[in-house]
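S.K.: Okay, handing you the structure first.
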Amino acid sequence: MKLCNGVFEGGGVRGIAHVGAACALEAAGYQFEALAGSSAGAIVAALLAAGYPCSQLKREMMNLDYRRFKGKSLGDYFGTVGKALSLFFTLGIYDTDYLELWIKQMLEPKGIRTFGDVAETGRQLFITASDLTDRKLLVFPGDGEVFGLKPEEFPVALAVKASVSIPVFFEPVCIKDSSGQIHVLVDGGLLSNYPAWMFGGGSARQPTFGFQFQTEKEAEGTTGCSHKPGLTEYLKSIVATCMDAIDNNCQGAGTELHTIQISTAVGTGTGRRNIGSTEFGLTKAQQEELFENGRRAARITLSHM
């Protein structure tokens with residue numbers, strides 16, 4: 001087996017495409033030794049670090065009802081008014097309780113609860129979250145010390161829960177530090193959606209593979225503005241700039257990183273479109289196509305190495 005590092009970008013429900021790409025690497029004889037991820041990428045990184053073979057991970061994720069990840073909301077009972085009340089009282093429309101429970105249930109059969117358990121397998125796992133209280137990026141397990149825990153004692157499922165908590169859409173994770181102050185943690189992708197800088201790009205001996213999503217417009221190089229942007233484009237650009245700032249500035253010169261660009265588009269002809277990160281009603285056919293997008297993208301990258 002050839003050892004490698006893996007970095008998984010956040011992408012919501014499109015995480016099944018990461019699994020497809022990882023399966024292609026596994027088939028080519030690669031084995032992950034160190035993994036990092038933000039948001040949905042944190043889920044895939046955690047499960048691979050726990051020791052799931054890609055074929056089993058695909059089955060688990062294909063059988064998953066993504067709609068349950070949205071958790072419960074007053075909006076389920078009172079529509080738009082309920083969503084507004086949820087946002088006012090809990091700072092998020094949906095909870096992530098089911099997602100945390102699912103992660104725990106997936107990790108338990110592998111004997112994984114804490115980052116220390118992961119280390120005992122010989123693998124390393126790093127998960128990002130955004131601390132709104134201290135206004136900084138957290139990287140677990142190291143930053144578990146902020147909350148009075150040794151890095152090896154921090155629960156993996158809790159780190160994943162914090163990393164996937166998209167602001168407003170999901171409730172934030174609130175944790176007290178050793179002094180009793182409450183920290184509000186949200187989506188790691190808010191500050192570092194693609195933390196490839198964590199491994200410094202790797203080397204020829206142990207390469208780093210980055211798993212990154214790409215819309216068809218991005219693939220065609222048409223993301224720039226040919227006209228004055230409207231409000232929606234403007235707001236999306238602000239968010240994208242925040243998400244990419246740390247990642248762009250931390251990519252070291254001369255580092256060797258093999259980025260696998262995974263298409264988010266599914267369908268054919270006029271029905272072809274990009275899948276959004278919060279489309280929790282994915283069909284089996286769409287999941288399968290995203291999986292194949294990931295596998296195909298990884299094979300292309302490997303063929304050029």
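So you can find residues: chains in the structure tokens are A, B, ... in the order shown, residues in each start at 1, and ligands are numbered from 1 in order.
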Segment 117-183 of chain A: which residues are strand (DSSP E or B) by DSSP, as a compact mmCIF listing (two decimals) with C-alpha atoms, in the first residue's frame?
M.R.:
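What landed in out-v3.txt:
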```txt
# COMPACT_ATOMS: atom_id res chain seq x y z
CA GLN A 124 -4.30 11.07 12.23
CA LEU A 125 -7.48 13.12 11.97
CA PHE A 126 -7.90 16.90 11.92
CA ILE A 127 -11.27 18.68 11.86
CA THR A 128 -11.88 22.42 11.58
CA ALA A 129 -14.55 24.57 13.22
CA SER A 130 -15.12 28.32 13.41
CA ASP A 131 -15.20 29.90 16.87
CA LYS A 136 -10.84 32.35 14.99
CA LEU A 137 -10.38 29.01 13.31
CA LEU A 138 -10.17 25.94 15.53
CA VAL A 139 -8.44 22.73 14.52
CA PHE A 140 -9.33 19.65 16.52
CA PRO A 155 -14.94 13.45 21.10
CA VAL A 168 -28.36 30.11 10.39
CA PHE A 169 -29.28 26.82 8.67
CA PHE A 170 -28.12 24.69 11.64
CA VAL A 173 -22.57 24.11 18.99
CA CYS A 174 -22.06 25.88 22.31
CA ILE A 175 -19.26 24.64 24.59
CA LYS A 176 -17.86 26.11 27.81
CA ILE A 182 -19.42 29.80 26.36
CA HIS A 183 -17.95 29.47 22.87
```
S.K.: Name all residues at most 12 Å from Arg59 of chain A (count only C-alpha atoms; drop same-chain ones fewer than 3 positions away) and give them as a list in words.
M.R.: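 My reading of the contact set: Ile16, Val19, Gly20, Tyr52, Pro53, Cys54, Ser55, Gln56, Met62, Asn63, Leu64, Lys284, Gln287, Glu288 and Phe291 of chain A.
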S.K.: Please save N, CA, C and O atoms of the selected residues as a tab-separated table (two decimals), in the first residue's frame.
M.R.:
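Output below, filename again.tsv:
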```tsv
chain	number	residue	atom	x	y	z
A	16	ILE	N	-20.96	12.31	-0.73
A	16	ILE	CA	-20.87	11.00	-1.36
A	16	ILE	C	-19.88	11.02	-2.52
A	16	ILE	O	-19.25	10.00	-2.85
A	19	VAL	N	-16.47	10.17	-1.35
A	19	VAL	CA	-16.31	8.74	-1.16
A	19	VAL	C	-15.94	8.08	-2.49
A	19	VAL	O	-15.08	7.18	-2.54
A	20	GLY	N	-16.56	8.52	-3.59
A	20	GLY	CA	-16.22	7.98	-4.90
A	20	GLY	C	-14.77	8.20	-5.25
A	20	GLY	O	-14.09	7.30	-5.75
A	52	TYR	N	-13.10	2.71	7.92
A	52	TYR	CA	-14.09	2.18	6.99
A	52	TYR	C	-13.48	1.98	5.61
A	52	TYR	O	-12.90	2.91	5.05
A	53	PRO	N	-13.61	0.78	5.03
A	53	PRO	CA	-13.22	0.63	3.62
A	53	PRO	C	-14.23	1.37	2.76
A	53	PRO	O	-15.40	1.53	3.14
A	54	CYS	N	-13.79	1.87	1.62
A	54	CYS	CA	-14.64	2.72	0.81
A	54	CYS	C	-15.93	2.03	0.35
A	54	CYS	O	-16.99	2.67	0.27
A	55	SER	N	-15.86	0.75	0.06
A	55	SER	CA	-17.06	0.04	-0.41
A	55	SER	C	-18.14	0.04	0.66
A	55	SER	O	-19.33	0.26	0.38
A	56	GLN	N	-17.76	-0.17	1.91
A	56	GLN	CA	-18.72	-0.16	3.01
A	56	GLN	C	-19.23	1.25	3.27
A	56	GLN	O	-20.43	1.45	3.53
A	62	MET	N	-25.15	5.64	0.87
A	62	MET	CA	-26.23	5.49	-0.11
A	62	MET	C	-27.55	5.13	0.58
A	62	MET	O	-28.63	5.45	0.07
A	63	ASN	N	-27.48	4.46	1.71
A	63	ASN	CA	-28.69	4.08	2.44
A	63	ASN	C	-29.15	5.14	3.43
A	63	ASN	O	-30.15	4.95	4.12
A	64	LEU	N	-28.42	6.22	3.49
A	64	LEU	CA	-28.71	7.29	4.44
A	64	LEU	C	-29.83	8.19	3.92
A	64	LEU	O	-29.86	8.58	2.76
A	284	LYS	N	-31.56	8.53	-5.14
A	284	LYS	CA	-30.51	7.51	-5.23
A	284	LYS	C	-29.71	7.70	-6.52
A	284	LYS	O	-28.48	7.53	-6.54
A	287	GLN	N	-27.30	10.56	-6.07
A	287	GLN	CA	-26.18	10.14	-5.20
A	287	GLN	C	-25.19	9.28	-5.98
A	287	GLN	O	-23.97	9.46	-5.88
A	288	GLU	N	-25.71	8.36	-6.77
A	288	GLU	CA	-24.85	7.47	-7.56
A	288	GLU	C	-24.04	8.27	-8.58
A	288	GLU	O	-22.85	7.99	-8.80
A	291	PHE	N	-21.27	10.10	-6.81
A	291	PHE	CA	-20.24	9.13	-6.48
A	291	PHE	C	-19.34	8.87	-7.69
A	291	PHE	O	-18.11	8.87	-7.59
```
S.K.: Given only C-alpha atoms as the basis, pick out the residue of A:Val156, A:Gly210, A:Val44, A:Lys161 nearest to Tyr98 of chain A.
M.R.: A:Lys161
S.K.: Tell me which of A:Val160, A:Leu132, A:Ala119, A:Leu99 sits closest to Val184 of chain A, counting only C-alpha atoms.
M.R.: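 Using only C-alpha atoms, the shortest distance to Val184 of chain A belongs to A:Leu132.
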S.K.: For Pro141 of chain A, find every residue with an atom within 7 Å (counting only C-alpha atoms), except residues of its own chain fewer than 2 positions away, and show them as a ChimeraX atom specification.
M.R.: /A:115,126,139,143-144,151-152,154
